[in-house]
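Read through the structure below, which is laid out as structure tokens, and then see the notes.
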There are 6 protein chains.
Amino acid sequence: MRVVTFGEAMIRLSPPNFLRLEQTNILDITVGGGELNVAIALSRLSLDTEWVSALPKNPLGYLIRNKAREHGVETKNIYWNENARAGLYFLEFGAAPRASNVLYDRANSAISQIKPGEIDWNSIFQNCDLFHVSGITPALSDNAAEVTWEAVQAAKKSGCQVSYDLNYRGKLWSPEKAKAIQTPLMSCVDILITTEEDTEVVFDIKEDTYEKVAEKLAEVFNFKVVTITLRETPSVWKNTWTAIAYADGKIYRDNVYDVEVVDRVGSGDSYSAGFIYGYLKEGVQAGVRYGNVLSALKHSNPGDFNWSTLPEVERLLKNRGLRITR
Amino acid sequence: MRVVTFGEAMIRLSPPNFLRLEQTNILDITVGGGELNVAIALSRLSLDTEWVSALPKNPLGYLIRNKAREHGVETKNIYWNENARAGLYFLEFGAAPRASNVLYDRANSAISQIKPGEIDWNSIFQNCDLFHVSGITPALSDNAAEVTWEAVQAAKKSGCQVSYDLNYRGKLWSPEKAKAIQTPLMSCVDILITTEEDTEVVFDIKEDTYEKVAEKLAEVFNFKVVTITLRETPSVWKNTWTAIAYADGKIYRDNVYDVEVVDRVGSGDSYSAGFIYGYLKEGVQAGVRYGNVLSALKHSNPGDFNWSTLPEVERLLKNRGLRITR
Amino acid sequence: MRVVTFGEAMIRLSPPNFLRLEQTNILDITVGGGELNVAIALSRLSLDTEWVSALPKNPLGYLIRNKAREHGVETKNIYWNENARAGLYFLEFGAAPRASNVLYDRANSAISQIKPGEIDWNSIFQNCDLFHVSGITPALSDNAAEVTWEAVQAAKKSGCQVSYDLNYRGKLWSPEKAKAIQTPLMSCVDILITTEEDTEVVFDIKEDTYEKVAEKLAEVFNFKVVTITLRETPSVWKNTWTAIAYADGKIYRDNVYDVEVVDRVGSGDSYSAGFIYGYLKEGVQAGVRYGNVLSALKHSNPGDFNWSTLPEVERLLKNRGLRITR
Amino acid sequence: MRVVTFGEAMIRLSPPNFLRLEQTNILDITVGGGELNVAIALSRLSLDTEWVSALPKNPLGYLIRNKAREHGVETKNIYWNENARAGLYFLEFGAAPRASNVLYDRANSAISQIKPGEIDWNSIFQNCDLFHVSGITPALSDNAAEVTWEAVQAAKKSGCQVSYDLNYRGKLWSPEKAKAIQTPLMSCVDILITTEEDTEVVFDIKEDTYEKVAEKLAEVFNFKVVTITLRETPSVWKNTWTAIAYADGKIYRDNVYDVEVVDRVGSGDSYSAGFIYGYLKEGVQAGVRYGNVLSALKHSNPGDFNWSTLPEVERLLKNRGLRITR
Amino acid sequence: MRVVTFGEAMIRLSPPNFLRLEQTNILDITVGGGELNVAIALSRLSLDTEWVSALPKNPLGYLIRNKAREHGVETKNIYWNENARAGLYFLEFGAAPRASNVLYDRANSAISQIKPGEIDWNSIFQNCDLFHVSGITPALSDNAAEVTWEAVQAAKKSGCQVSYDLNYRGKLWSPEKAKAIQTPLMSCVDILITTEEDTEVVFDIKEDTYEKVAEKLAEVFNFKVVTITLRETPSVWKNTWTAIAYADGKIYRDNVYDVEVVDRVGSGDSYSAGFIYGYLKEGVQAGVRYGNVLSALKHSNPGDFNWSTLPEVERLLKNRGLRITR
Amino acid sequence: MRVVTFGEAMIRLSPPNFLRLEQTNILDITVGGGELNVAIALSRLSLDTEWVSALPKNPLGYLIRNKAREHGVETKNIYWNENARAGLYFLEFGAAPRASNVLYDRANSAISQIKPGEIDWNSIFQNCDLFHVSGITPALSDNAAEVTWEAVQAAKKSGCQVSYDLNYRGKLWSPEKAKAIQTPLMSCVDILITTEEDTEVVFDIKEDTYEKVAEKLAEVFNFKVVTITLRETPSVWKNTWTAIAYADGKIYRDNVYDVEVVDRVGSGDSYSAGFIYGYLKEGVQAGVRYGNVLSALKHSNPGDFNWSTLPEVERLLKNRGLRITR
């Protein structure tokens, strides 16, 4: 099975050991970005994956591409820009009552300068089962929004399913613009992945329960599947995670996972990847189960990426405990 | 508003990653000391601050001064000693049931050799709103005790308020000496910051509740304000923190904070700083609130210093949750 | 008092900061192995100890020996092999729901190639109070099993007590082989240290309660003492630990310790060491108490070794809290 | 004596241990920028210094300011910009035949967005002995060029001397633009610091010897002093450094220093600082001598800054050898 | 153009900062192996490359594969072995008069257990321009030698050229065995890459000059090209490097490079890669020039791999100096 | 053969990567001290060694003892002091023209508080071939000087030879005191190890050549052997090292070694150790040869200790080159 994703990946710079940015003299450098995170997680579960993006033609751009390749993600349709810069973000890790904190420095990155027509979507979507993109991509620039529009249309036309992670970023656009740009996109989307909060901010949909939110979204936009993730944050180092899905008039549920948080960035993307994997292999219920387990596991991995392997995921689904195997 | 503090700051050497001292081959080097910690926290909240001290004229002395300057604390009244050494302390981080542990190597440090008359307190206290010192300074040597006595008298005379953190250190002096030396000092103190335990050890004051302890202290020593901090340590990595204050015949209370502990050293000093800030700006109730939030935040910062900024503190007082803002 | 142990120690390589092996570019290198861990813990409690083993004559072998010597363990009866390799193991630290994970690379290590007759057990057991070995040693190779058999017989003959930690390793041998090889060994054992799980796997002994398991084991094999350790793992970072013992028809119990887990590898060995220490000094009840406290403390030390000192252990037995002493 | 400088300082990110950017997962984070480097070096030699700049109102901006303050440089005239970003640069350390390499990411930084009139130069130049700026500042943006023009005029008017480090950066502007913008500036400059190469590129001045270049520059622009630095790079890790000056019709020379290169970035700025120090204290010959020794010492300090102290500089000028003093 | 290589890659573990193995508690973990090093260097110069090998199905095997993929090397023909181990080597960095030192732990690695027929060479060599292998591969085991023999024959048959780096490893086999196994292989080799020392040890060929050695080798084995590399080691940190080639009755020469040595491991492989690149693009003279520059650059890169890019190589060939470009 | 040494060992704290003390936030922690360095080097060459000293009864004292034990040095005659502190020294690594620099903080260390009669020298010198001490020990305090005097007399009486490294430390005592205290000690010394500079400072002996200095010393003090070491420091990173000896009316010479300097601290002690080893095994010529090679090798080891093994030393004496053996 083959999945294509499209979006930005950034250089991520984070002080080690809970140091503040003002305080550190070392930064851990990794790479992350919603759609790349999804592609990598899926590649590690043994699907064929491709990540489409734009990058600057400099060592930071190469670094980002290299990390995608390291996990077996195809990178041949990256648009290389001589003049643009790599998006960056700085991440401080917190401890209760101080939340973790992100400082973005992503303006004028290569993907924000991408132009309609630059990506040959038709050839990319040959033999593709699913295309995944998040609400971050159209938020990056008007050009990026247009190219996202090209992408979902081409995906639809080629017969490949489209999953969309709503993922509202208040630092990138207003709720109004998010709604205006994304409403048309929704017409090409089969699977919507979102949270109650984002749904309310972007689409003004608020219901008593998240089950009803899912149902309402499916009704309004005619999605095949809506899946809603639910995190609780009693502290910074200990969270709970679960998700539900609505499809064919039914609600699908799963366990709530207690997670010890090494690094929660990218855990939503891991849910997306797990959902896509399970859904493509066995349907909605499996989607929720693989999504949750992959997201839970992600919290234990430093960096945006999910370093789990398929056997590890399968073993946890069979519910092995927390002892060391030897 | 301008606050002056007086006391020792030491080089702090701590093994990373919970290693024992015998085990490590790397030490993290930072700087800390009660009154410097207070000055830095207040400077970061945008007060004018000065830290008065004595330091050896060598790279370790410069390092300590540099760290004060880094946060905007005035250091022009440091007494430089060619022959003295820098105080040091070694800190091991623990995990339940092993408590964190401190090994001091501070004998014969520059400040312990300071001589009465060496500091020009009268000029220092011009335009000063509050002078802060802790019970560690007079404990360092007889000379240091005399200079502390000079300081509080000069502060009083210049019309600046005096806050005093009792902070009993059993490794530095006996309860008897602590009582004998500090009882006269108390006559110049407006605000006493302490704990039930220290009050009992130093002043033999023990009551059923800490509210009564505060009241009793105020009565005996005629303090304007007494504030008592309360830490619970169900484990090494998770504590709770709160404080109360007594003033004008009333008890002031605040939330109890659950804190995930990165580094608790200096959190009492952060309480002092927050109390001073809130108190000078808005009175006793604000003192307790700012004191608690600053102390709670400190637990998340490696090193003795509090790296919070005023907007972060204000945001937490408005009770934002533990999610990453993006 | 003098204790001798016999077994393999390996080079241990672990990624820092919860990184996965695929992800890291740094490995922490330490040394560990059940019987060396026991000897070191006992040496730090001030017993005379010797560790008998085989090592390759190369820097990795020297490194392992050096670490034993660092803690005062006698190493003069190490058999140096020019051609063998050092056993290695890779350890990934987890976070719930991902358990920590071990990858062994210990085949063909020096000790697996040891030959019967190579070790002069009779001279080693002169003036020896107790000999300790675990079920890992005979599992390493048929040769190692034979030499273990030589050892326990010689120990018995020389009048020194024998403690045996059953410690079943499914990656090294089958339950059937473990039973076949170890059953005769048990005839020389005075003190069996084990868990309910291992007892069931190796000896097919399963009872309603672990008290009954202990009693049954004592009955079947005629042990002087059986002690059973009990870990609960509500999460990866927080466990509970306790143990019971059965001797002379009585059950001995102790507190349950809540432990914050820095590194749990070697905590079973710390129990063995603590039990041996307490037992040799004051009998079974003390054995359980020292075993538990030493095991609980171990969880706070990175690496396989227990870096506690006797005063620290005594202080915790007197139940001091988790505050920093200063 | 008091010196003011004006220019950008950036966050500098460099892989440790000669790693390439594509290869590293750690970056050392420091701060650097020509005019800040000069101010810091002078402050450490005990002059009063102020650094004027613009910074973003975020942790990266605070970090840059903090580092200036750490060395005692006054920072009260920094213009804080809520919307701009911090300039960044990435530095790879080389080894022959691979030169060290810099990747800039400084577009749209706070200082490039500074506006004419935003800085109150007249009050800044009260009681100022010398104003220093380099050719990098006007190259950053048209606005920055205009503000530089304001600055040198105001300095001139206030009677403070102006030193100017030509410092041509081909990645920031063309030779033509550099000439057009800087030629008027030169009318306010007393001391020009440059190299043969830059002189040729910017002003088309090329002579047989650098002595003649200096003379020619003084003649054409009517400078009081021209000083030319000379680096030779037989390898990446070993360079030689010296400089000459021309003033009052005379050439001033000094030793050639052999330098082992830990980090050569900022060594030209150290020359400027040393020249300014020596010149203000004792005249041109001392300027060259202090400039050279400070530059030579800089090569041994990681980061852009010069961490030398005045006694160290004086000692080296008296030519102590390379033995450890004990 | 497409190049295939075949050989082992190992986990490489090296202490940082010139520490000895006995002394370190951190190891840098990278990956290296002659033929992988060649494939990676060529991939970075933009050729299509594939690396054929065998790896254990565990995280260390995945790590090795990942690093190949990171640089764009095709890894689909890796044979995954459930039971084998990853080869390891430990590297200590020296300083004169202590040479760097390697400790191998590669016995029983996956590739040594590869079996004839397991690799489908015919399909691999479709559209392949050159196959590269070194004398290390057949030295690993008799099986590996047989599979090497299969490979060169299949390459030859498919019309793809064969380059062979003689690379004698005395720790893996005797000169006699090396000669016996490799003599038949030579009949399929077009390009021999070697040193005077190895030629003498393996083939007993010794002449007055290396030019004559090259000529003699070409004559005896009927090679199209023989290229001989020449390193001088006046110290550990500073070497010189050059090479010559003999082809069509002519000697081809190039510059001698002075290299500052960060890490010389893999520089011979970089020569092979550069030679192959230049030779395939422009012939023997270009082969020597690209080989030398790539090898010289390698010495500046930590790890076995060459992180140079094509533009960097081209720039150095045009002889830019050692200054920082900005 | 058995060698005993007596002296202080300190905790050594040094910034990595050429950072200045003011600049670092990490310190490498190791242990060093002349006589311990000698004992460790000899133990690694397989002699029986014991180090006699005094240490504080705290983790820093244990750490120092552990490092001695790690190398197999006997530590049973360490005097443990509950109240004293561990000596410390801070070391900054330089690069030309900045020399490396040491900052001592050793006042009031345990050994300076040792009392005459506390060490049972007579039992220590049973079966001892040589006692080694340096001029640092008597410089530490009057008590330490007296105990040194006890030691050399007891050594002499027991028939064990005495070697003495003059090692003048200007930061510890004046030339006059050094002469007054050490002149009597010389009557018990068989082998004097020194430099021309120290000889002149302490004993006012200055001759045209160091050969004559050696002869003169032997004549004045009636030494069996005088050996003089000669370091040249063309730069910080590259030195030369050699030594000569005078005995029985003859001068013994050896090669001059070019050394690349990782860390030169302790290289004089390595010379002492090598000289002692060679001298005890084969006489004065061997002493010079082993002394030089061990000192040359030391420069490549981080920390004060020499991590060479006997085979490495022997190999270098047979003059193997700087290539990697594989």
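Within each chain, counting starts at residue 1; across the structure tokens, chains are named A, B, ... in the order shown, with ligands numbered 1 upward in that order.
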Problem - Exercise: range 190-201 of chain B partners within 8 Å, only C-alpha atoms, chain neighbours under 4 positions left out, as a ChimeraX atom specification - result: /B:161-168,175,205-206,210,213,223-230,272
Expected file contents, prior selection, C-alpha atoms, as a PDB file, in the first residue's frame:
```pdb
ATOM      1  CA  GLN B 161      11.909  47.922  54.372  1.00  0.00           C
ATOM      2  CA  VAL B 162      13.711  44.751  55.407  1.00  0.00           C
ATOM      3  CA  SER B 163      12.691  41.227  54.498  1.00  0.00           C
ATOM      4  CA  TYR B 164      14.426  38.323  56.167  1.00  0.00           C
ATOM      5  CA  ASP B 165      14.337  34.666  55.164  1.00  0.00           C
ATOM      6  CA  LEU B 166      15.147  32.723  58.344  1.00  0.00           C
ATOM      7  CA  ASN B 167      16.537  29.771  56.364  1.00  0.00           C
ATOM      8  CA  TYR B 168      18.272  27.823  59.129  1.00  0.00           C
ATOM      9  CA  PRO B 175      20.357  26.605  66.972  1.00  0.00           C
ATOM     10  CA  ILE B 205       8.195  28.636  68.749  1.00  0.00           C
ATOM     11  CA  LYS B 206       5.866  25.726  68.148  1.00  0.00           C
ATOM     12  CA  TYR B 210       1.208  27.297  61.056  1.00  0.00           C
ATOM     13  CA  VAL B 213       3.026  30.123  64.349  1.00  0.00           C
ATOM     14  CA  PHE B 223       6.907  41.984  62.351  1.00  0.00           C
ATOM     15  CA  LYS B 224       4.704  43.739  59.845  1.00  0.00           C
ATOM     16  CA  VAL B 225       4.296  40.492  57.895  1.00  0.00           C
ATOM     17  CA  VAL B 226       5.112  36.866  58.570  1.00  0.00           C
ATOM     18  CA  THR B 227       4.878  34.428  55.701  1.00  0.00           C
ATOM     19  CA  ILE B 228       5.284  30.676  56.066  1.00  0.00           C
ATOM     20  CA  THR B 229       5.967  28.298  53.222  1.00  0.00           C
ATOM     21  CA  LEU B 230       4.686  24.736  53.081  1.00  0.00           C
ATOM     22  CA  SER B 272      10.816  35.335  48.644  1.00  0.00           C
TER      23      SER B 272
END
```
Handout entry: Which of range 114-303 of chain C fall in strand (DSSP E), as a PyMOL selection string
Key = chain C and resi 130-134+161-165+191-194+225-232+238-247+250-252+257-260
Take the residues just selected and output them with C-alpha atoms as a PDB file, in the first residue's frame.
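Once everything was written out, this is selection22.pdb:
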```pdb
ATOM      1  CA  LEU C 130      29.263 -16.998  51.573  1.00  0.00           C
ATOM      2  CA  PHE C 131      29.365 -17.813  47.890  1.00  0.00           C
ATOM      3  CA  HIS C 132      26.818 -16.195  45.594  1.00  0.00           C
ATOM      4  CA  VAL C 133      25.927 -17.135  42.048  1.00  0.00           C
ATOM      5  CA  SER C 134      22.844 -16.699  39.884  1.00  0.00           C
ATOM      6  CA  GLN C 161      27.187 -20.870  52.665  1.00  0.00           C
ATOM      7  CA  VAL C 162      25.724 -20.663  49.172  1.00  0.00           C
ATOM      8  CA  SER C 163      23.134 -18.159  47.995  1.00  0.00           C
ATOM      9  CA  TYR C 164      21.551 -18.606  44.588  1.00  0.00           C
ATOM     10  CA  ASP C 165      19.490 -16.104  42.632  1.00  0.00           C
ATOM     11  CA  ILE C 191      19.581 -19.449  50.373  1.00  0.00           C
ATOM     12  CA  LEU C 192      17.369 -19.224  47.324  1.00  0.00           C
ATOM     13  CA  ILE C 193      16.446 -15.793  46.005  1.00  0.00           C
ATOM     14  CA  THR C 194      13.710 -15.801  43.388  1.00  0.00           C
ATOM     15  CA  VAL C 225      16.058 -19.669  53.490  1.00  0.00           C
ATOM     16  CA  VAL C 226      13.848 -18.791  50.539  1.00  0.00           C
ATOM     17  CA  THR C 227      13.326 -15.150  49.755  1.00  0.00           C
ATOM     18  CA  ILE C 228      10.907 -13.877  47.112  1.00  0.00           C
ATOM     19  CA  THR C 229      10.968 -10.398  45.626  1.00  0.00           C
ATOM     20  CA  LEU C 230       7.849  -8.550  44.498  1.00  0.00           C
ATOM     21  CA  ARG C 231       7.891  -5.704  42.046  1.00  0.00           C
ATOM     22  CA  GLU C 232       4.818  -3.862  40.792  1.00  0.00           C
ATOM     23  CA  LYS C 238       7.324   4.534  39.168  1.00  0.00           C
ATOM     24  CA  ASN C 239       7.411   1.031  40.646  1.00  0.00           C
ATOM     25  CA  THR C 240       6.892  -0.506  44.034  1.00  0.00           C
ATOM     26  CA  TRP C 241       9.288  -2.993  45.573  1.00  0.00           C
ATOM     27  CA  THR C 242       9.185  -5.376  48.485  1.00  0.00           C
ATOM     28  CA  ALA C 243      10.176  -8.929  49.392  1.00  0.00           C
ATOM     29  CA  ILE C 244       9.392 -11.665  51.874  1.00  0.00           C
ATOM     30  CA  ALA C 245      11.457 -14.519  53.219  1.00  0.00           C
ATOM     31  CA  TYR C 246      10.654 -17.950  54.602  1.00  0.00           C
ATOM     32  CA  ALA C 247      12.954 -19.614  57.085  1.00  0.00           C
ATOM     33  CA  LYS C 250       8.305 -18.461  59.515  1.00  0.00           C
ATOM     34  CA  ILE C 251       7.495 -15.700  57.050  1.00  0.00           C
ATOM     35  CA  TYR C 252       9.485 -12.447  57.333  1.00  0.00           C
ATOM     36  CA  TYR C 257       8.929   0.931  48.880  1.00  0.00           C
ATOM     37  CA  ASP C 258       7.673   3.401  46.297  1.00  0.00           C
ATOM     38  CA  VAL C 259      10.534   3.937  43.904  1.00  0.00           C
ATOM     39  CA  GLU C 260      11.120   6.549  41.235  1.00  0.00           C
TER      40      GLU C 260
END
```
Handout entry: Spatial neighbours of Glu314 in chain C, 9 Å, only C-alpha atoms, chain gap at least 5 places, as JSON, numbers by chain
Key = {"C": [290, 309, 319]}
Suppose we keep N, CA, C and O atoms; can you now write the selection as a PDB file, in the first residue's frame?
```pdb
ATOM      1  N   TYR C 290      17.488  -5.046  54.788  1.00  0.00           N
ATOM      2  CA  TYR C 290      18.603  -4.474  54.026  1.00  0.00           C
ATOM      3  C   TYR C 290      18.437  -4.744  52.527  1.00  0.00           C
ATOM      4  O   TYR C 290      18.787  -3.919  51.692  1.00  0.00           O
ATOM      5  N   THR C 309      26.216   3.974  50.116  1.00  0.00           N
ATOM      6  CA  THR C 309      27.192   3.679  51.162  1.00  0.00           C
ATOM      7  C   THR C 309      26.436   3.188  52.392  1.00  0.00           C
ATOM      8  O   THR C 309      25.227   3.396  52.529  1.00  0.00           O
ATOM      9  N   ASN C 319      14.494   5.818  58.309  1.00  0.00           N
ATOM     10  CA  ASN C 319      13.331   6.474  57.709  1.00  0.00           C
ATOM     11  C   ASN C 319      13.366   7.994  57.657  1.00  0.00           C
ATOM     12  O   ASN C 319      12.368   8.676  57.900  1.00  0.00           O
TER      13      ASN C 319
END
```
Which residues of chain A have any atom within 10 Å of an atom in chain C when counting only C-alpha atoms, and what is the closest pair of atoms for each, with the distance in Å to one decimal? Order the rows by chain and rising number and write it as CSV.
```
residue,atom,partner,partner_atom,distance
A:Pro16,CA,C:Asn17,CA,9.0
A:Asn17,CA,C:Asn17,CA,8.7
A:Lys238,CA,C:Ala96,CA,9.3
A:Tyr257,CA,C:Pro97,CA,7.6
A:Asp258,CA,C:Ala96,CA,7.0
A:Val259,CA,C:Ala96,CA,5.2
A:Glu260,CA,C:Ala96,CA,5.1
A:Val261,CA,C:Ala95,CA,7.2
A:Val262,CA,C:Ala95,CA,7.2
A:Asp263,CA,C:Phe18,CA,9.7
A:Val293,CA,C:Pro97,CA,8.6
A:Ala296,CA,C:Pro97,CA,6.7
A:Leu297,CA,C:Arg98,CA,6.1
A:Lys298,CA,C:Arg98,CA,9.1
A:His299,CA,C:Ala95,CA,7.9
A:Ser300,CA,C:Ala95,CA,5.2
A:Asn301,CA,C:Leu19,CA,6.4
A:Pro302,CA,C:Leu19,CA,6.1
A:Gly303,CA,C:Leu19,CA,8.9
A:Trp307,CA,C:Arg20,CA,7.2
A:Ser308,CA,C:Arg20,CA,9.0
A:Glu312,CA,C:Arg98,CA,8.8
A:Val313,CA,C:Arg98,CA,9.7
A:Leu316,CA,C:Pro97,CA,8.0
A:Asn319,CA,C:Pro97,CA,9.5
A:Arg320,CA,C:Ala99,CA,9.0
A:Gly321,CA,C:Ala99,CA,7.3
A:Leu322,CA,C:Ala99,CA,4.5
A:Arg323,CA,C:Ala99,CA,6.0
A:Ile324,CA,C:Ser100,CA,5.5
A:Thr325,CA,C:Asn101,CA,6.4
A:Arg326,CA,C:Arg169,CA,5.7
```
Once you have the residues from the selection above, write them out as a compact mmCIF listing (two decimals), in the first residue's frame, restricted to N, CA and C atoms.
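Output file selection-v8.txt follows:
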```txt
# COMPACT_ATOMS: atom_id res chain seq x y z
N PRO A 16 18.39 20.76 25.97
CA PRO A 16 18.25 19.51 26.70
C PRO A 16 17.92 19.76 28.17
N ASN A 17 17.50 18.72 28.86
CA ASN A 17 17.39 18.72 30.32
C ASN A 17 16.54 19.84 30.90
N LYS A 238 2.87 13.40 32.67
CA LYS A 238 1.96 12.27 32.63
C LYS A 238 0.66 12.74 31.98
N TYR A 257 -4.98 5.32 27.15
CA TYR A 257 -3.59 5.01 27.51
C TYR A 257 -3.05 6.03 28.50
N ASP A 258 -2.43 5.54 29.56
CA ASP A 258 -1.62 6.39 30.42
C ASP A 258 -0.24 6.50 29.79
N VAL A 259 0.20 7.72 29.59
CA VAL A 259 1.50 7.86 28.94
C VAL A 259 2.44 8.71 29.82
N GLU A 260 3.68 8.22 29.92
CA GLU A 260 4.74 9.01 30.53
C GLU A 260 5.38 9.81 29.41
N VAL A 261 5.48 11.10 29.59
CA VAL A 261 5.77 11.98 28.46
C VAL A 261 7.25 12.32 28.38
N VAL A 262 7.93 11.72 27.44
CA VAL A 262 9.29 12.14 27.11
C VAL A 262 9.21 13.35 26.17
N ASP A 263 8.32 13.27 25.20
CA ASP A 263 8.22 14.31 24.19
C ASP A 263 6.90 14.11 23.46
N VAL A 293 -2.41 3.33 19.86
CA VAL A 293 -1.19 2.71 20.34
C VAL A 293 0.03 3.45 19.78
N ALA A 296 0.36 6.69 21.68
CA ALA A 296 0.84 6.46 23.05
C ALA A 296 2.34 6.20 23.04
N LEU A 297 2.77 5.38 22.10
CA LEU A 297 4.19 5.06 22.02
C LEU A 297 5.02 6.29 21.67
N LYS A 298 4.48 7.14 20.82
CA LYS A 298 5.23 8.33 20.42
C LYS A 298 5.70 9.15 21.61
N HIS A 299 4.87 9.28 22.63
CA HIS A 299 5.24 10.10 23.78
C HIS A 299 6.56 9.67 24.41
N SER A 300 6.98 8.45 24.13
CA SER A 300 8.23 7.96 24.72
C SER A 300 9.44 8.21 23.82
N ASN A 301 9.26 8.79 22.66
CA ASN A 301 10.37 9.01 21.72
C ASN A 301 10.77 10.47 21.65
N PRO A 302 12.03 10.79 21.93
CA PRO A 302 12.47 12.17 21.74
C PRO A 302 12.42 12.53 20.25
N GLY A 303 12.04 13.76 19.98
CA GLY A 303 11.91 14.20 18.59
C GLY A 303 10.48 14.06 18.11
N TRP A 307 9.56 6.23 16.38
CA TRP A 307 10.58 5.23 16.04
C TRP A 307 10.10 3.81 16.30
N SER A 308 8.80 3.62 16.48
CA SER A 308 8.29 2.27 16.73
C SER A 308 8.41 1.41 15.48
N GLU A 312 6.76 -4.09 17.52
CA GLU A 312 6.54 -3.45 18.82
C GLU A 312 5.09 -3.02 18.98
N VAL A 313 4.55 -2.49 17.91
CA VAL A 313 3.15 -2.05 17.94
C VAL A 313 2.23 -3.25 18.16
N LEU A 316 2.34 -4.49 21.74
CA LEU A 316 1.63 -3.67 22.71
C LEU A 316 0.12 -3.85 22.54
N ASN A 319 -1.00 -6.31 24.51
CA ASN A 319 -1.01 -5.88 25.90
C ASN A 319 0.04 -6.50 26.81
N ARG A 320 1.25 -6.61 26.34
CA ARG A 320 2.36 -6.96 27.21
C ARG A 320 2.63 -5.82 28.20
N GLY A 321 3.11 -6.17 29.35
CA GLY A 321 3.32 -5.20 30.41
C GLY A 321 4.60 -4.40 30.27
N LEU A 322 5.01 -3.82 31.39
CA LEU A 322 6.10 -2.85 31.38
C LEU A 322 7.42 -3.44 31.90
N ARG A 323 7.51 -4.78 31.93
CA ARG A 323 8.76 -5.37 32.38
C ARG A 323 9.76 -5.46 31.23
N ILE A 324 11.01 -5.49 31.58
CA ILE A 324 12.06 -5.70 30.59
C ILE A 324 12.04 -7.17 30.17
N THR A 325 12.05 -7.40 28.86
CA THR A 325 12.10 -8.79 28.39
C THR A 325 13.55 -9.24 28.30
N ARG A 326 13.89 -10.27 29.05
CA ARG A 326 15.21 -10.85 28.86
C ARG A 326 15.20 -12.30 29.29
```
Exercise for the section: Name the residues in contact with Gly274 in chain E at a cut-off of 10 Å, using only C-alpha atoms, excluding same-chain residues fewer than 2 positions from it; report them as an MDAnalysis selection string. Expected result: chainID E and resid 38 41:42 45 268:272 276:280 286:295 313
Practice task
Could you pull out the residues in range 63-165 of chain E that DSSP calls alpha helix (DSSP H) from the backbone, as number ranges by chain?
Solution key: E: 63-70, 121-124, 136-139, 142-158
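Coordinates place CA of Cys160 in chain A at a distance of 10.3 Å from CA of Cys188 in chain A.
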